[in-house]
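Student: Just so it is clear, I am handing over target_16.txt, which has compact mmCIF, C-alpha atoms and all ligand atoms.
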```txt
# COMPACT_ATOMS: atom_id res chain seq x y z
CA MET A 1 -101.94 12.11 -10.90
CA LYS A 2 -103.21 12.06 -14.47
CA ILE A 3 -102.90 8.73 -16.24
CA PHE A 4 -102.24 8.76 -19.99
CA ASN A 5 -103.76 6.00 -22.10
CA ILE A 6 -101.33 4.89 -24.77
CA ALA A 7 -101.84 2.89 -27.97
CA ILE A 8 -99.06 1.46 -30.10
CA ILE A 9 -99.03 1.09 -33.89
CA GLY A 10 -96.31 -1.31 -35.06
CA CYS A 11 -95.21 -4.24 -32.90
CA GLY A 12 -91.79 -5.05 -34.35
CA ARG A 13 -88.26 -5.04 -32.96
CA ILE A 14 -88.43 -1.67 -31.20
CA VAL A 15 -91.78 -2.22 -29.48
CA GLN A 16 -90.23 -3.80 -26.38
CA LYS A 17 -88.38 -0.57 -25.57
CA HIS A 18 -91.70 1.30 -25.59
CA LEU A 19 -93.40 -1.40 -23.51
CA ASP A 20 -90.56 -1.10 -20.97
CA ALA A 21 -90.90 2.70 -20.89
CA ILE A 22 -94.68 2.45 -20.37
CA ASP A 23 -94.23 -0.17 -17.63
CA ALA A 24 -91.69 2.03 -15.87
CA ASN A 25 -93.95 5.09 -15.89
CA PRO A 26 -96.75 5.28 -13.30
CA GLN A 27 -98.58 7.82 -15.48
CA ALA A 28 -98.57 5.61 -18.58
CA ASN A 29 -101.19 2.97 -19.28
CA LEU A 30 -101.03 0.81 -22.41
CA VAL A 31 -104.58 0.23 -23.66
CA ALA A 32 -104.21 -1.18 -27.17
CA VAL A 33 -101.74 -2.35 -29.79
CA CYS A 34 -101.97 -2.65 -33.55
CA ASP A 35 -99.94 -4.40 -36.24
CA ILE A 36 -100.89 -5.42 -39.75
CA ILE A 37 -99.46 -8.84 -38.84
CA VAL A 38 -102.11 -10.06 -36.46
CA GLU A 39 -99.85 -12.50 -34.57
CA LYS A 40 -97.55 -9.66 -33.51
CA ALA A 41 -100.39 -7.55 -32.09
CA LYS A 42 -102.12 -10.58 -30.60
CA LYS A 43 -99.04 -11.72 -28.73
CA ILE A 44 -98.80 -8.43 -26.84
CA GLY A 45 -102.57 -8.03 -26.54
CA LEU A 46 -103.06 -11.44 -24.94
CA ALA A 47 -100.00 -11.17 -22.71
CA ARG A 48 -101.24 -7.85 -21.31
CA ASN A 49 -104.95 -8.45 -21.51
CA ILE A 50 -105.54 -5.41 -23.74
CA SER A 51 -107.26 -4.95 -27.09
CA TYR A 52 -105.32 -5.63 -30.26
CA PHE A 53 -106.04 -4.56 -33.81
CA THR A 54 -104.73 -4.88 -37.35
CA ASP A 55 -106.13 -1.53 -38.47
CA TYR A 56 -105.17 1.63 -36.60
CA ILE A 57 -108.21 3.65 -37.67
CA THR A 58 -110.49 0.97 -36.19
CA MET A 59 -108.38 1.07 -33.03
CA LEU A 60 -108.73 4.85 -32.75
CA THR A 61 -112.49 4.75 -33.21
CA LYS A 62 -112.95 2.04 -30.57
CA ILE A 63 -110.42 2.85 -27.87
CA ASP A 64 -110.01 5.98 -25.77
CA VAL A 65 -106.35 7.02 -25.98
CA ASP A 66 -104.31 10.11 -25.15
CA ILE A 67 -101.03 9.22 -26.87
CA VAL A 68 -100.37 7.12 -29.96
CA CYS A 69 -96.89 5.65 -30.56
CA VAL A 70 -96.03 5.11 -34.22
CA LEU A 71 -93.39 2.37 -34.36
CA THR A 72 -93.81 1.11 -37.89
CA ASP A 73 -91.08 1.01 -40.50
CA SER A 74 -89.90 4.51 -41.32
CA ALA A 75 -91.58 4.85 -44.73
CA ASN A 76 -95.03 4.53 -43.12
CA HIS A 77 -94.52 7.17 -40.42
CA ALA A 78 -95.78 10.13 -42.46
CA LYS A 79 -99.00 8.52 -43.67
CA ILE A 80 -99.86 7.13 -40.25
CA VAL A 81 -99.12 10.37 -38.37
CA ILE A 82 -101.19 12.36 -40.87
CA ASP A 83 -104.05 9.81 -40.57
CA VAL A 84 -103.92 9.84 -36.76
CA ALA A 85 -103.66 13.62 -36.27
CA PRO A 86 -107.37 14.40 -36.91
CA TYR A 87 -108.25 12.09 -33.98
CA LYS A 88 -106.49 14.71 -31.84
CA LYS A 89 -104.22 12.34 -29.95
CA HIS A 90 -100.66 13.36 -29.17
CA ILE A 91 -98.20 11.33 -31.24
CA ILE A 92 -94.83 9.79 -30.52
CA VAL A 93 -93.07 8.70 -33.71
CA GLU A 94 -89.90 6.62 -33.86
CA LYS A 95 -86.83 8.00 -35.56
CA PRO A 96 -86.38 8.94 -38.31
CA MET A 97 -89.70 10.81 -38.25
CA ALA A 98 -89.81 10.46 -42.05
CA LEU A 99 -87.40 10.04 -44.93
CA ALA A 100 -88.39 12.83 -47.29
CA LEU A 101 -88.27 16.34 -45.83
CA SER A 102 -91.60 17.17 -47.47
CA ASP A 103 -93.18 14.32 -45.46
CA ALA A 104 -91.74 15.72 -42.23
CA ASP A 105 -93.22 19.13 -43.10
CA ASN A 106 -96.64 17.61 -43.75
CA MET A 107 -96.55 15.69 -40.46
CA ILE A 108 -95.70 18.83 -38.47
CA LYS A 109 -98.43 20.75 -40.27
CA ALA A 110 -101.07 18.05 -39.63
CA CYS A 111 -100.26 17.98 -35.92
CA ASP A 112 -100.21 21.78 -35.65
CA GLU A 113 -103.54 22.08 -37.44
CA ASN A 114 -105.09 19.57 -35.05
CA GLY A 115 -103.61 21.18 -31.94
CA ILE A 116 -101.64 18.11 -30.89
CA LYS A 117 -98.01 17.56 -30.07
CA LEU A 118 -95.65 15.50 -32.20
CA PHE A 119 -92.68 13.91 -30.45
CA VAL A 120 -89.79 12.24 -32.27
CA VAL A 121 -87.86 9.52 -30.44
CA LYS A 122 -84.19 10.44 -30.00
CA GLN A 123 -83.67 8.56 -26.78
CA ASN A 124 -79.88 8.88 -26.73
CA ARG A 125 -80.22 12.55 -25.79
CA PHE A 126 -81.42 11.20 -22.43
CA ASN A 127 -78.40 8.96 -21.78
CA LYS A 128 -76.86 9.96 -18.46
CA ALA A 129 -73.45 10.55 -20.05
CA ILE A 130 -75.00 12.78 -22.72
CA GLN A 131 -77.06 14.73 -20.20
CA ILE A 132 -74.11 15.62 -17.98
CA THR A 133 -72.07 16.62 -21.03
CA ARG A 134 -74.88 18.82 -22.26
CA LYS A 135 -75.00 20.51 -18.82
CA ALA A 136 -71.24 21.19 -19.04
CA LEU A 137 -71.79 22.66 -22.51
CA GLU A 138 -74.64 24.89 -21.35
CA ALA A 139 -72.45 26.07 -18.45
CA GLY A 140 -69.85 27.15 -21.03
CA ARG A 141 -67.20 24.75 -19.75
CA PHE A 142 -65.90 23.87 -23.24
CA GLY A 143 -65.13 27.48 -24.12
CA LYS A 144 -64.96 27.95 -27.90
CA LEU A 145 -66.12 24.78 -29.64
CA VAL A 146 -63.40 23.47 -31.95
CA LEU A 147 -64.15 19.97 -33.24
CA GLY A 148 -66.91 17.41 -32.77
CA THR A 149 -66.64 13.81 -33.91
CA VAL A 150 -69.14 11.00 -33.99
CA ARG A 151 -68.12 7.49 -34.76
CA VAL A 152 -70.54 4.62 -35.28
CA ARG A 153 -68.78 1.33 -35.84
CA TRP A 154 -71.53 -1.24 -35.72
CA SER A 155 -72.04 -4.59 -37.36
CA ARG A 156 -75.09 -5.43 -39.50
CA ASN A 157 -74.77 -8.39 -41.85
CA GLN A 158 -76.80 -9.40 -44.88
CA GLU A 159 -79.18 -11.41 -42.70
CA TYR A 160 -80.06 -8.25 -40.79
CA TYR A 161 -80.84 -6.36 -44.00
CA ASP A 162 -82.81 -9.31 -45.39
CA GLN A 163 -85.21 -9.33 -42.39
CA ALA A 164 -87.63 -6.97 -44.13
CA ASP A 165 -88.00 -5.66 -47.67
CA TRP A 166 -87.66 -2.01 -46.52
CA ARG A 167 -84.27 -2.36 -44.87
CA GLY A 168 -81.38 -0.84 -46.77
CA THR A 169 -83.62 0.75 -49.42
CA TRP A 170 -83.88 4.40 -50.38
CA TRP A 171 -87.65 4.36 -50.27
CA GLY A 172 -87.99 2.65 -46.90
CA ASP A 173 -84.96 3.02 -44.69
CA GLY A 174 -81.90 4.90 -45.92
CA GLY A 175 -78.46 3.63 -45.02
CA VAL A 176 -76.26 3.80 -41.95
CA LEU A 177 -76.59 7.60 -41.80
CA THR A 178 -80.38 7.50 -41.59
CA ASN A 179 -80.90 4.39 -39.56
CA GLN A 180 -78.10 3.50 -37.16
CA ALA A 181 -76.11 6.76 -37.02
CA SER A 182 -79.09 9.11 -37.01
CA HIS A 183 -78.87 9.32 -33.21
CA HIS A 184 -75.23 10.29 -33.33
CA VAL A 185 -75.73 12.81 -36.12
CA ASP A 186 -78.53 14.29 -34.00
CA LEU A 187 -76.29 14.44 -30.92
CA LEU A 188 -73.52 16.19 -32.82
CA GLU A 189 -75.93 18.83 -34.09
CA TRP A 190 -77.63 19.16 -30.69
CA MET A 191 -74.27 19.85 -29.03
CA PHE A 192 -72.68 22.02 -31.72
CA GLY A 193 -75.72 23.91 -33.00
CA GLU A 194 -76.67 25.07 -36.48
CA VAL A 195 -74.81 23.49 -39.37
CA ASP A 196 -73.52 25.75 -42.11
CA SER A 197 -72.41 23.16 -44.67
CA VAL A 198 -71.53 19.50 -45.18
CA MET A 199 -69.42 17.33 -47.45
CA CYS A 200 -70.01 13.61 -47.48
CA MET A 201 -68.87 10.41 -49.18
CA THR A 202 -70.70 7.11 -48.92
CA LYS A 203 -70.03 3.51 -50.02
CA THR A 204 -71.68 0.13 -49.84
CA GLN A 205 -68.91 -2.18 -48.77
CA LEU A 206 -69.89 -5.52 -47.26
CA VAL A 207 -73.58 -6.13 -47.95
CA GLN A 208 -75.86 -6.02 -50.96
CA ILE A 209 -78.19 -3.10 -50.29
CA GLU A 210 -79.30 -0.06 -52.26
CA THR A 211 -78.07 2.45 -49.68
CA GLU A 212 -74.71 2.97 -47.96
CA ASP A 213 -73.25 0.81 -45.19
CA THR A 214 -70.35 3.23 -44.74
CA ALA A 215 -70.13 7.02 -44.73
CA VAL A 216 -67.69 9.77 -43.84
CA ALA A 217 -68.58 13.44 -43.65
CA ILE A 218 -67.16 16.81 -42.72
CA LEU A 219 -69.40 19.47 -41.20
CA LYS A 220 -68.92 23.19 -40.75
CA PHE A 221 -70.99 24.68 -37.94
CA LYS A 222 -72.24 28.25 -37.92
CA ASN A 223 -70.25 28.87 -34.71
CA GLY A 224 -67.01 28.12 -36.58
CA ALA A 225 -66.43 24.61 -35.21
CA LEU A 226 -65.80 21.64 -37.51
CA GLY A 227 -67.39 18.22 -37.26
CA VAL A 228 -66.57 14.73 -38.47
CA ILE A 229 -68.97 11.84 -38.95
CA GLU A 230 -67.64 8.32 -39.44
CA ALA A 231 -70.41 5.76 -39.66
CA THR A 232 -70.47 2.15 -40.73
CA THR A 233 -72.43 -1.03 -40.22
CA ALA A 234 -69.56 -2.91 -41.86
CA THR A 235 -67.57 -3.47 -38.67
CA ARG A 236 -66.84 -7.17 -38.27
CA PRO A 237 -67.36 -9.38 -36.42
CA SER A 238 -69.40 -7.35 -33.91
CA ASP A 239 -70.36 -3.85 -32.73
CA LEU A 240 -67.36 -1.83 -31.63
CA GLU A 241 -68.38 1.67 -30.73
CA GLY A 242 -70.90 4.49 -30.87
CA SER A 243 -69.10 7.58 -29.66
CA LEU A 244 -69.16 11.35 -29.52
CA SER A 245 -66.16 13.62 -28.82
CA ILE A 246 -66.43 17.30 -28.06
CA LEU A 247 -63.27 19.36 -28.14
CA GLY A 248 -63.33 22.98 -27.04
CA SER A 249 -60.78 25.63 -26.10
CA THR A 250 -61.19 24.84 -22.39
CA GLY A 251 -62.28 21.22 -22.24
CA SER A 252 -62.57 17.84 -23.93
CA VAL A 253 -65.08 15.06 -23.41
CA VAL A 254 -65.27 11.69 -25.13
CA ILE A 255 -68.39 9.62 -24.65
CA GLY A 256 -67.84 6.08 -25.82
CA GLY A 257 -69.20 2.66 -25.07
CA PHE A 258 -71.07 1.04 -27.91
CA ALA A 259 -74.08 3.32 -27.49
CA VAL A 260 -72.74 6.72 -26.33
CA ASN A 261 -73.27 5.59 -22.78
CA LYS A 262 -69.86 5.75 -21.11
CA ILE A 263 -67.64 8.75 -20.43
CA ASP A 264 -64.07 7.88 -21.42
CA THR A 265 -62.52 11.35 -21.20
CA TRP A 266 -63.65 14.25 -19.05
CA GLN A 267 -61.08 17.03 -18.78
CA PHE A 268 -61.47 20.76 -18.32
CA VAL A 269 -59.02 23.60 -17.81
CA ASN A 270 -61.00 24.65 -14.74
CA ASN A 271 -61.84 21.62 -12.65
CA ASN A 272 -64.95 21.28 -10.52
CA PRO A 273 -64.86 19.19 -7.33
CA GLU A 274 -67.37 16.76 -8.93
CA ASP A 275 -65.15 16.13 -12.00
CA ALA A 276 -63.04 13.44 -10.36
CA ALA A 277 -66.05 11.14 -9.93
CA VAL A 278 -67.46 11.54 -13.43
CA ILE A 279 -65.59 8.75 -15.23
CA ASN A 280 -66.49 6.22 -12.57
CA SER A 281 -70.10 7.34 -12.27
CA PHE A 282 -71.04 7.56 -15.96
CA LYS A 283 -70.36 4.15 -17.43
CA GLU A 284 -73.72 2.44 -17.72
CA GLN A 285 -73.67 -0.59 -20.00
CA PRO A 286 -77.06 -1.13 -21.62
CA PRO A 287 -77.85 -4.65 -22.85
CA ASN A 288 -78.15 -3.48 -26.48
CA VAL A 289 -77.48 -0.46 -28.68
CA TYR A 290 -80.98 0.96 -28.08
CA GLY A 291 -79.88 1.91 -24.54
CA TYR A 292 -82.13 2.92 -21.64
CA GLY A 293 -83.21 6.28 -23.03
CA HIS A 294 -86.81 5.37 -23.95
CA ILE A 295 -87.83 5.48 -20.27
CA GLU A 296 -86.57 9.04 -19.78
CA TYR A 297 -87.89 9.96 -23.19
CA LEU A 298 -91.47 9.00 -22.25
CA LYS A 299 -91.16 10.87 -18.94
CA ASN A 300 -90.20 13.99 -20.89
CA VAL A 301 -93.16 13.53 -23.28
CA ILE A 302 -95.67 13.16 -20.46
CA TYR A 303 -94.21 16.14 -18.61
CA SER A 304 -94.49 18.21 -21.77
CA ILE A 305 -98.14 17.28 -22.35
CA GLU A 306 -99.12 17.84 -18.70
CA ASN A 307 -97.36 21.16 -18.41
CA ASN A 308 -97.86 22.31 -21.97
CA SER A 309 -94.10 22.85 -22.15
CA ARG A 310 -91.64 22.17 -24.95
CA ALA A 311 -90.33 18.62 -24.96
CA LEU A 312 -86.69 17.95 -25.71
CA VAL A 313 -87.39 16.40 -29.12
CA GLU A 314 -90.46 17.59 -30.97
CA GLY A 315 -91.35 17.54 -34.66
CA LEU A 316 -89.19 20.51 -35.55
CA ASP A 317 -86.15 18.93 -33.88
CA GLY A 318 -86.76 15.71 -35.80
CA ARG A 319 -87.04 17.70 -39.01
CA LYS A 320 -83.79 19.54 -38.33
CA SER A 321 -81.96 16.26 -37.94
CA LEU A 322 -83.58 14.87 -41.08
CA GLU A 323 -82.57 17.95 -43.06
CA LEU A 324 -78.96 17.36 -42.07
CA ILE A 325 -79.16 13.72 -43.17
CA ASN A 326 -80.75 14.77 -46.47
CA ALA A 327 -77.91 17.28 -46.94
CA LEU A 328 -75.31 14.55 -46.34
CA TYR A 329 -76.87 12.44 -49.10
CA GLU A 330 -77.20 15.44 -51.40
CA SER A 331 -73.47 16.02 -50.99
CA SER A 332 -72.60 12.38 -51.54
CA GLU A 333 -74.69 12.32 -54.75
CA THR A 334 -73.35 15.60 -56.13
CA GLY A 335 -69.78 15.41 -54.82
CA LYS A 336 -70.21 19.01 -53.67
CA GLU A 337 -70.36 20.96 -50.44
CA VAL A 338 -74.02 21.47 -49.51
CA PHE A 339 -75.07 24.56 -47.59
CA LEU A 340 -78.05 24.47 -45.23
CA HIS A 341 -80.89 25.27 -45.42
CA PHE A 342 -81.55 23.66 -48.74
CA LYS A 343 -84.17 21.90 -50.82
CA PRO A 344 -83.18 18.31 -51.66
CA ASN A 345 -82.65 17.77 -55.35
CA ARG A 346 -80.42 14.73 -55.83
CA CYS A 347 -80.93 13.14 -52.37
CA LYS A 348 -82.61 9.75 -52.93
CA LEU A 349 -83.90 9.27 -49.40
CA GLY A 350 -87.61 8.49 -49.36
CA GLN A 351 -87.70 7.92 -53.15
CA ARG A 352 -88.57 4.76 -55.07
CA SER A 353 -85.80 4.06 -57.57
CA ASN A 354 -88.16 4.29 -60.56
CA GLN A 355 -89.07 7.81 -59.47
CA LYS A 356 -85.51 9.02 -59.94
N1 LIG B 401 -84.93 4.60 -31.37
C1 LIG B 401 -84.18 3.58 -31.75
O1 LIG B 401 -83.05 3.39 -31.27
C2 LIG B 401 -84.68 2.65 -32.79
C3 LIG B 401 -84.15 1.36 -32.89
C4 LIG B 401 -84.69 0.49 -33.84
C5 LIG B 401 -85.67 0.93 -34.70
N2 LIG B 401 -86.13 2.20 -34.61
C6 LIG B 401 -87.15 2.69 -35.55
O2 LIG B 401 -88.39 2.06 -35.23
C7 LIG B 401 -89.14 1.83 -36.43
C8 LIG B 401 -89.49 0.35 -36.51
O3 LIG B 401 -88.31 -0.41 -36.54
P1 LIG B 401 -88.35 -1.96 -36.17
O4 LIG B 401 -86.93 -2.40 -36.18
O5 LIG B 401 -89.18 -2.20 -34.97
O6 LIG B 401 -89.09 -2.50 -37.50
P2 LIG B 401 -89.90 -3.87 -37.67
O7 LIG B 401 -90.00 -4.13 -39.12
O8 LIG B 401 -89.36 -4.92 -36.77
O9 LIG B 401 -91.36 -3.47 -37.12
C9 LIG B 401 -92.28 -2.64 -37.80
C10 LIG B 401 -93.66 -3.18 -37.53
O10 LIG B 401 -94.63 -2.27 -38.03
C11 LIG B 401 -95.71 -3.05 -38.58
N3 LIG B 401 -96.46 -2.21 -39.51
C12 LIG B 401 -96.08 -1.73 -40.72
N4 LIG B 401 -97.08 -0.99 -41.27
C13 LIG B 401 -98.09 -0.98 -40.37
C14 LIG B 401 -99.39 -0.39 -40.35
N5 LIG B 401 -99.83 0.33 -41.37
N6 LIG B 401 -100.17 -0.60 -39.27
C15 LIG B 401 -99.75 -1.34 -38.23
N7 LIG B 401 -98.51 -1.93 -38.19
C16 LIG B 401 -97.72 -1.76 -39.25
C17 LIG B 401 -94.99 -4.21 -39.25
O11 LIG B 401 -95.86 -5.31 -39.49
C18 LIG B 401 -93.92 -4.53 -38.22
O12 LIG B 401 -94.36 -5.47 -37.27
C19 LIG B 401 -88.24 2.31 -37.58
O13 LIG B 401 -88.65 3.61 -37.94
C20 LIG B 401 -86.86 2.34 -36.99
O14 LIG B 401 -86.00 3.30 -37.58
C21 LIG B 401 -85.67 3.06 -33.68
```
Is it possible to express this structure as structure tokens?
Tutor:
Amino acid sequence: MKIFNIAIIGCGRIVQKHLDAIDANPQANLVAVCDIIVEKAKKIGLARNISYFTDYITMLTKIDVDIVCVLTDSANHAKIVIDVAPYKKHIIVEKPMALALSDADNMIKACDENGIKLFVVKQNRFNKAIQITRKALEAGRFGKLVLGTVRVRWSRNQEYYDQADWRGTWWGDGGVLTNQASHHVDLLEWMFGEVDSVMCMTKTQLVQIETEDTAVAILKFKNGALGVIEATTATRPSDLEGSLSILGSTGSVVIGGFAVNKIDTWQFVNNNPEDAAVINSFKEQPPNVYGYGHIEYLKNVIYSIENNSRALVEGLDGRKSLELINALYESSETGKEVFLHFKPNRCKLGQRSNQK
């Protein structure tokens, strides 16, 4: 059994999910961590008796690694991935892979040129409820796809946005569409396929941030289906739901819970014997909105490297999702329907305000 040495860059809020995934995987071995804030790296380094660094280039020159996880704030992903690529280590980057589409393109190019794989974390695709729904879709059980809806009704107050200077900014984070709802937007596109056009409206309702805390959008898919996105972090007093509904000519599924983790509706014109057990079997309740998907995600990454096969979410998949989010902002800025594929013009994501 090949063991993969893993190093982490960025030891903030999301790092624990990656530590859990590494711990749960017999082929994964954490060898080093890095954070510009030494205490954060040191805490993990000492607890696990591994090396810790404040500079990732130094880490890469000193430690033998196979996979590097980039878990820094989103605005740094592109620079770090492009810096790491020449060291020829496979790279896992947290979502969103970047903010500006041009950055995503440069990251994919750097990894391609260095012959390494780039994986983008979209762990919700691995939720059990999502996986069984995807299987039903691939088996054609929905018939003609009619309408897909994602709803993210989460709660993030001013204190949350004030935790770091990048949160809620155009240059460093984006709003609810880019940060919290990016998983759901990705799931909608993954299930319904290529998007033809979008129309979107955004507002900042309950917090003081540059970007939106609330958005609604209408999507037209190339297969003729329509989609609706409703996303807000202005639900009070606490998280309510993160859901996906798929309606087709021969079946309807609603995956609810607060993190698309629980099947609420599972009905098809043609029933299978297993259908009766689905609602009772697919109702996992993760302790937080990040869910359990990182464990399955890492398994998929390691399988892909070992077998040189396509992973479920690689750089191009991350880019596709980011293009859709850019299109939503382009529409909200212009007040017009935006057709994909397109080159962002008025979308502010990834831009410093003085550059606009
Ligand atoms: N998959 C998910 O569900 C999920 C959930 C939360 C966050 N995220 C993503 O994870 C990323 C990090 O989010 P977070 O909430 O952990 O942020 P955070 O601010 O808590 O952590 C980021 C860490 O990166 C460090 N850092 C920044 N630049 C660095 C550099 N050059 N070298 C080393 N370390 C550096 C910071 O000091 C900080 O400790 C974001 O892109 C976010 O969108 C994904």
Student: Neighbours of ligand LIG 401 (chain B) at 7 Å or closer, counting all atoms listed in the file: which residues, as a PyMOL selection string?
Tutor: chain A and resi 9-15+34-37+40+54-56+71-74+76+80+94-96+121-123+164+179+290
Student: Those residues you just picked out, can you put them in a file as a short mmCIF file (atom, residue, chain, number, x, y, z; two decimals), keeping the file's coordinate frame with C-alpha atoms?
Tutor:
```cif
data_model
loop_
_atom_site.label_atom_id
_atom_site.label_comp_id
_atom_site.auth_asym_id
_atom_site.auth_seq_id
_atom_site.Cartn_x
_atom_site.Cartn_y
_atom_site.Cartn_z
CA ILE A 9 -99.03 1.09 -33.89
CA GLY A 10 -96.31 -1.31 -35.06
CA CYS A 11 -95.21 -4.24 -32.90
CA GLY A 12 -91.79 -5.05 -34.35
CA ARG A 13 -88.26 -5.04 -32.96
CA ILE A 14 -88.43 -1.67 -31.20
CA VAL A 15 -91.78 -2.22 -29.48
CA CYS A 34 -101.97 -2.65 -33.55
CA ASP A 35 -99.94 -4.40 -36.24
CA ILE A 36 -100.89 -5.42 -39.75
CA ILE A 37 -99.46 -8.84 -38.84
CA LYS A 40 -97.55 -9.66 -33.51
CA THR A 54 -104.73 -4.88 -37.35
CA ASP A 55 -106.13 -1.53 -38.47
CA TYR A 56 -105.17 1.63 -36.60
CA LEU A 71 -93.39 2.37 -34.36
CA THR A 72 -93.81 1.11 -37.89
CA ASP A 73 -91.08 1.01 -40.50
CA SER A 74 -89.90 4.51 -41.32
CA ASN A 76 -95.03 4.53 -43.12
CA ILE A 80 -99.86 7.13 -40.25
CA GLU A 94 -89.90 6.62 -33.86
CA LYS A 95 -86.83 8.00 -35.56
CA PRO A 96 -86.38 8.94 -38.31
CA VAL A 121 -87.86 9.52 -30.44
CA LYS A 122 -84.19 10.44 -30.00
CA GLN A 123 -83.67 8.56 -26.78
CA ALA A 164 -87.63 -6.97 -44.13
CA ASN A 179 -80.90 4.39 -39.56
CA TYR A 290 -80.98 0.96 -28.08
#
```
Student: What's around A:Ser182 at 8 Å? Count all atoms listed in the file, leave out sequence neighbours fewer than 3 positions away in its own chain, and write the answer as a ChimeraX atom specification.
Tutor: /A:95-96,176-179,185-186,321,325
Student: Go through A:Gly172, A:Leu30, A:Val198, A:Leu145 one by one, measure the shortest atom-to-atom distance of each to A:Ala78 using only C-alpha atoms, and give the residue with the smallest value.
Tutor: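 Comparing A:Gly172, A:Leu30, A:Val198, A:Leu145 against A:Ala78, the winner is A:Gly172.
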Student: Suppose you want the space between atom CA of A:Lys299 and atom CA of A:Asn25; what is it in Å?
Tutor: 7.1 Å
Student: So which one's closest to A:Glu210, A:Ile255, A:Leu349, A:Leu46, A:Cys69? Using all atoms listed in the file, please.
Tutor: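 Residue with the minimum atom-to-atom distance to A:Glu210: A:Leu349.
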Student: Counting only C-alpha atoms, which of A:Val33, A:Ile246, A:Val216, A:Met199 gets nearest to A:Glu337?
Tutor: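 The closest residue to A:Glu337 is A:Met199.
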Student: Which residues come within 10 Å of A:Val84, counting only C-alpha atoms, excluding same-chain residues fewer than 4 positions away, as a short mmCIF file (atom, residue, chain, number, x, y, z; two decimals) with C-alpha atoms, in the frame of the given file?
Tutor:
```cif
data_model
loop_
_atom_site.label_atom_id
_atom_site.label_comp_id
_atom_site.auth_asym_id
_atom_site.auth_seq_id
_atom_site.Cartn_x
_atom_site.Cartn_y
_atom_site.Cartn_z
CA TYR A 56 -105.17 1.63 -36.60
CA ILE A 57 -108.21 3.65 -37.67
CA LEU A 60 -108.73 4.85 -32.75
CA VAL A 68 -100.37 7.12 -29.96
CA VAL A 70 -96.03 5.11 -34.22
CA ALA A 78 -95.78 10.13 -42.46
CA LYS A 79 -99.00 8.52 -43.67
CA ILE A 80 -99.86 7.13 -40.25
CA LYS A 88 -106.49 14.71 -31.84
CA LYS A 89 -104.22 12.34 -29.95
CA HIS A 90 -100.66 13.36 -29.17
CA ILE A 91 -98.20 11.33 -31.24
CA ALA A 110 -101.07 18.05 -39.63
CA CYS A 111 -100.26 17.98 -35.92
CA ASN A 114 -105.09 19.57 -35.05
#
```
Student: Quick one: pull the distance between atom CA of A:Trp170 and atom CA of A:His341, Å, one decimal.
Tutor: 21.7 Å
Student: Using only C-alpha atoms for the distances, tell me which of A:Phe221, A:Tyr161, A:Trp154, A:Trp171 is nearest to A:Trp190.
Tutor: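 Closest to A:Trp190 of all the choices is A:Phe221.
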Student: Hey, which of A:Asn307, A:Thr232, A:Asn300, A:Gln208 ends up closest to A:Val120? Count only C-alpha atoms.
Tutor: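 Looking at the shortest contact to A:Val120, the residue is A:Asn300.
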Student: Pick the closest to A:Asn124 from A:Val269, A:Val313, A:Ile22, A:Val278: which is it, counting only C-alpha atoms?
Tutor: A:Val313
Student: Between atom CA of A:Arg125 and atom CA of A:Phe268, what is the spacing in Å?
Tutor: 21.8 Å
Student: At a cut-off of 10 Å, using only C-alpha atoms, what residues contact A:Asn5? Leave out same-chain residues fewer than 6 positions from it and give the result as a list in words.
Tutor: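 Contacts, with the query itself left out: Ile22, Gln27, Ala28, Asn29, Leu30, Val31, Ala32, Ile63, Asp64, Val65, Asp66, Ile67 and Val68 of chain A.
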Student: Set the distance at 9 Å and use only C-alpha atoms: which residues neighbour A:Ala225 once local chain neighbours fewer than 2 positions away are removed? I'd like the list as number ranges by chain.
Tutor: A: 144-148, 192, 219-223, 227, 248
Student: Give me a file of those residues, with C-alpha atoms, as a compact mmCIF listing (two decimals), in the frame of the given file.
Tutor:
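For reference, part30.txt as written:
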```txt
# COMPACT_ATOMS: atom_id res chain seq x y z
CA LYS A 144 -64.96 27.95 -27.90
CA LEU A 145 -66.12 24.78 -29.64
CA VAL A 146 -63.40 23.47 -31.95
CA LEU A 147 -64.15 19.97 -33.24
CA GLY A 148 -66.91 17.41 -32.77
CA PHE A 192 -72.68 22.02 -31.72
CA LEU A 219 -69.40 19.47 -41.20
CA LYS A 220 -68.92 23.19 -40.75
CA PHE A 221 -70.99 24.68 -37.94
CA LYS A 222 -72.24 28.25 -37.92
CA ASN A 223 -70.25 28.87 -34.71
CA GLY A 227 -67.39 18.22 -37.26
CA GLY A 248 -63.33 22.98 -27.04
```
Student: If we count all atoms listed in the file and set the cut-off at 12 Å, which residues sit around stretch 270-274 of chain A, ignoring sequence neighbours fewer than 5 positions away in its own chain? Please answer as a PyMOL selection string.
Tutor: chain A and resi 132+136+139-143+249-252+279-281
Student: Only C-alpha atoms, as a short mmCIF file (atom, residue, chain, number, x, y, z; two decimals), in the first residue's frame: that is what I want for stretch 212-224 of chain A.
Tutor:
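Listing of decode_4.cif after writing:
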```cif
data_model
loop_
_atom_site.label_atom_id
_atom_site.label_comp_id
_atom_site.auth_asym_id
_atom_site.auth_seq_id
_atom_site.Cartn_x
_atom_site.Cartn_y
_atom_site.Cartn_z
CA GLU A 212 -23.74 40.42 -0.84
CA ASP A 213 -25.25 38.52 2.08
CA THR A 214 -28.33 37.66 0.02
CA ALA A 215 -28.81 36.59 -3.59
CA VAL A 216 -31.48 35.18 -5.86
CA ALA A 217 -30.85 33.88 -9.35
CA ILE A 218 -32.56 32.16 -12.25
CA LEU A 219 -30.62 29.75 -14.44
CA LYS A 220 -31.38 28.31 -17.85
CA PHE A 221 -29.62 25.01 -18.55
CA LYS A 222 -28.62 23.86 -22.01
CA ASN A 223 -30.87 20.80 -21.59
CA GLY A 224 -33.91 23.09 -21.28
#
```
